[in-house]
Amino acid sequence: MTNAAESRSWSSRIRLGAASAATALAIMLVLNLFAAQSVQAQTLTVLYNFAGSSDGGDPYASLIRDAAGNLYSTVGYGGTSFAGGVFKVDTKGNESMLYSFTGGADGAYPISALVRDHAGNLYGTTTQGGSVGAGVVFKVDPSGKETVLHNFTGGSDGVDPVGGLLLDKAGNLYGTTSQGGTSKCGVLFKLSPQGKETILHTFTGAANDGKYPTYTSPLMDAEGNLYGVTEEGGSAQGGVVYKLSKSHKFTILHSFAGGTNDGCNVLGKPFRDKYGSIYGTTSSCGTSSLGTVWKLTKNGEETLLHSFAGGTSDGEYPLAGVIEDTNGNLYGSTETGGSANLGTAYKVTQQGKFTLLHSFTGSDGKYLYGGFVRDSKNTLYGTAQNGGSIGYGTVWKITK
């Protein structure tokens, strides 16, 4: 079993959806400030500083990028009703709030990334709000009109959808709730273009199942099989990597064992490469109990590519997963660690060589919860949940 002393689960630190609106705001407001430091010829530029008012604040989630270079994501605070919103930052660093949540029937406190269709519509989730306050799946069109596609009931269909969504070619959306379901351990759901919800899997938390699919989103292969991770559950209760076949057969691909030889508490969005290997991060365990970067081959062989050690030259507590460049190098972020212990951006090769790309120092941002998006020139774009010139987070880029 995973040692509770070495495990630093998201649920014990910041399970926003389970808290009241007031508690969620308090948690978000406790974290603060952002600055720039170059490491190994990397240059960080702050594109936008959030003010925490009508422009939003506390950007937890990763960004997405359109063909013109505009960036989109969510903020968990601010907006006209201080219930968060959906924002855009253009190539010149101008920010606009595409939609501000009211905190009522339309949803409240989004902390997950968005997906975008070919028409420019944006889709995401909110942790609270909706018809019974259990969160919603929403759509925001290019004109800024919001539509609630599904209201979670808090029962068998789940509650606290703190993760992002997957959009398939037919327009179906797939996602998870971190809690709820018949076992109160979360669900994996599908939402048709007409808004019909289907529960694809209810997590039980058992040794042969997962528990709490938190701050993550599923993947799909060319055959329509789904893959994902859970924060807990599995044989050692350290979290799992799972597969749900097109015929809805559920399989555990790996159970994290915790301790010093494996990670535990799996958060963030995994990705699957062209060879069928899956990559991600654990927020805890590993050699220093500060989290890991892992690879799981198609044959089920797991490799720890990096165990975080903390200190000035490494990060600690990676929450968002990793992305890959064309050479197979992996890029990610950590919540804390680095020279000021305020978070880092890093690179890990397939051979496990670790490079610290940037240590955040406060004025450029601090506390990284989201992952990155990359352009064709290998410029990385991301968010810091807190910090910046005003204190409510930043949007930034790292170039060579």
# chains A, B, ... in the order shown; residues from 1 in each chain; ligands from 1
>>> residues_around(residues="Gly129 in chain A", least_positions_apart="4", cutoff="8 Å", atoms="only C-alpha atoms", output="PDB file with C-alpha atoms, in the first residue's frame")
ATOM      1  CA  GLY A 103     -21.904  30.813 -10.518  1.00  0.00           C
ATOM      2  CA  GLY A 104     -25.479  29.673 -11.052  1.00  0.00           C
ATOM      3  CA  ALA A 105     -27.105  27.449 -13.641  1.00  0.00           C
ATOM      4  CA  ASP A 106     -24.378  28.171 -16.188  1.00  0.00           C
ATOM      5  CA  GLY A 107     -21.576  26.747 -14.018  1.00  0.00           C
ATOM      6  CA  ALA A 108     -18.840  27.984 -11.694  1.00  0.00           C
ATOM      7  CA  TYR A 109     -15.089  27.674 -11.107  1.00  0.00           C
ATOM      8  CA  GLY A 133     -24.334  22.676  -8.045  1.00  0.00           C
ATOM      9  CA  ALA A 134     -22.457  19.525  -9.086  1.00  0.00           C
ATOM     10  CA  GLY A 135     -20.794  21.002 -12.176  1.00  0.00           C
ATOM     11  CA  VAL A 136     -21.525  21.163 -15.885  1.00  0.00           C
TER      12      VAL A 136
END
>>> closest_atom_pairs(of="range 162-184 of chain A", to="range 53-66 of chain A", cutoff="12 Å", atoms="only C-alpha atoms", output="tab-separated table")
residue	atom	partner	partner_atom	distance
A:Val162	CA	A:Ala61	CA	10.0
A:Gly163	CA	A:Ala61	CA	9.2
A:Gly164	CA	A:Ala61	CA	8.9
>>> residues_around(residues="Lys274 in chain A", least_positions_apart="5", cutoff="12 Å", atoms="only C-alpha atoms", output="list of chain:residue names")
A:Asp221, A:Ala222, A:Tyr279, A:Thr297, A:Lys298, A:Glu324, A:Thr326, A:Gly328
>>> select_by_dssp(residues="range 23-119 of chain A", states="alpha helix (DSSP H)", output="MDAnalysis selection string")
chainID A and resid 23:30
>>> write_last_selection(atoms="C-alpha atoms", output="PDB file, in the first residue's frame")
ATOM      1  CA  THR A  23     -13.749  27.183   0.459  1.00  0.00           C
ATOM      2  CA  ALA A  24     -12.752  26.822  -3.173  1.00  0.00           C
ATOM      3  CA  LEU A  25     -12.226  30.562  -3.465  1.00  0.00           C
ATOM      4  CA  ALA A  26     -10.264  30.617  -0.247  1.00  0.00           C
ATOM      5  CA  ILE A  27      -7.948  27.879  -1.493  1.00  0.00           C
ATOM      6  CA  MET A  28      -7.405  29.666  -4.772  1.00  0.00           C
ATOM      7  CA  LEU A  29      -6.785  33.024  -3.138  1.00  0.00           C
ATOM      8  CA  VAL A  30      -4.245  31.676  -0.636  1.00  0.00           C
TER       9      VAL A  30
END
>>> closest_residue(among="A:Gln194, A:Ser376, A:Asn265, A:Ser96", to="Asn172 in chain A", atoms="only C-alpha atoms")
A:Gln194
>>> select_by_dssp(residues="range 115-253 of chain A", states="strand (DSSP E or B)", output="ChimeraX atom specification")
/A:115-116,122-126,128,136-140,146-151,159,166-167,173-177,179,187-191,197-202,210-211,219-220,226-230,232-233,240-244,250-253
>>> atom_distance(atom1="CA of His118 in chain A", atom2="CA of Glu146 in chain A")
17.2 Å
>>> residues_around(residues="range 338-351 of chain A", least_positions_apart="6", cutoff="6 Å", atoms="only C-alpha atoms", output="compact mmCIF listing (two decimals) with C-alpha atoms, in the first residue's frame")
# COMPACT_ATOMS: atom_id res chain seq x y z
CA GLY A 311 16.02 21.75 -4.45
CA THR A 312 17.24 24.56 -6.69
CA SER A 313 18.10 22.40 -9.71
CA ASP A 314 14.99 20.21 -9.85
CA GLY A 315 11.25 20.47 -9.39
CA ASN A 329 11.67 14.78 -25.76
CA LEU A 330 9.18 15.39 -22.97
CA TYR A 331 8.24 18.73 -21.43
CA GLY A 332 6.34 19.44 -18.24
CA LEU A 357 14.35 25.00 -18.44
CA HIS A 358 13.10 27.65 -16.03
CA SER A 359 12.69 28.28 -12.31
CA PHE A 360 9.79 30.57 -11.51
CA THR A 361 10.56 33.26 -8.98
CA LYS A 366 4.35 30.74 -9.39
CA TYR A 367 2.64 27.42 -8.70
CA LEU A 368 2.23 25.62 -12.02
>>> residues_around(residues="range 199-216 of chain A", least_positions_apart="3", cutoff="8 Å", atoms="only C-alpha atoms", output="MDAnalysis selection string")
chainID A and resid 10 112 157 162:164 176:179 181:190 228:237 239:240 242 248 250 252 267:270 320
>>> closest_residue(among="A:Tyr369, A:Tyr392, A:Tyr317, A:Phe152", to="Gly52 in chain A", atoms="only C-alpha atoms")
A:Tyr392
>>> closest_residue(among="A:Val395, A:Ile278, A:Ala113, A:Val132", to="Ser217 in chain A", atoms="only C-alpha atoms")
A:Ala113
>>> closest_residue(among="A:Gly371, A:Gly85, A:Gly259, A:Gly365", to="Gln385 in chain A", atoms="only C-alpha atoms")
A:Gly365
>>> atom_distance(atom1="CA of Lys249 in chain A", atom2="CA of Tyr174 in chain A")
16.2 Å
>>> residues_around(residues="Leu191 in chain A", least_positions_apart="2", cutoff="6 Å", atoms="only C-alpha atoms", output="JSON, numbers by chain")
{"A": [172, 173, 195, 196, 197]}
>>> atom_distance(atom1="CA of Thr292 in chain A", atom2="CA of Tyr227 in chain A")
19.4 Å
>>> residues_around(residues="Thr399 in chain A", least_positions_apart="5", cutoff="8 Å", atoms="only C-alpha atoms", output="short mmCIF file (atom, residue, chain, number, x, y, z; two decimals) with N, CA and C atoms, in the first residue's frame")
data_model
loop_
_atom_site.label_atom_id
_atom_site.label_comp_id
_atom_site.auth_asym_id
_atom_site.auth_seq_id
_atom_site.Cartn_x
_atom_site.Cartn_y
_atom_site.Cartn_z
N GLN A 42 17.36 29.51 -22.31
CA GLN A 42 15.92 29.60 -22.48
C GLN A 42 15.47 31.00 -22.05
N THR A 43 14.51 31.54 -22.78
CA THR A 43 13.99 32.88 -22.45
C THR A 43 12.51 32.79 -22.16
N LEU A 44 12.10 33.22 -20.97
CA LEU A 44 10.69 33.26 -20.62
C LEU A 44 10.16 34.67 -20.79
N ASN A 378 9.01 24.85 -31.45
CA ASN A 378 9.29 24.35 -30.10
C ASN A 378 9.20 25.42 -29.02
N THR A 379 8.48 26.49 -29.30
CA THR A 379 8.15 27.44 -28.25
C THR A 379 7.08 26.83 -27.36
N LEU A 380 7.28 26.91 -26.06
CA LEU A 380 6.33 26.37 -25.09
C LEU A 380 5.48 27.48 -24.52
#
>>> closest_residue(among="A:Tyr99, A:Cys285, A:Pro142, A:Gly180", to="Ser81 in chain A", atoms="only C-alpha atoms")
A:Tyr99
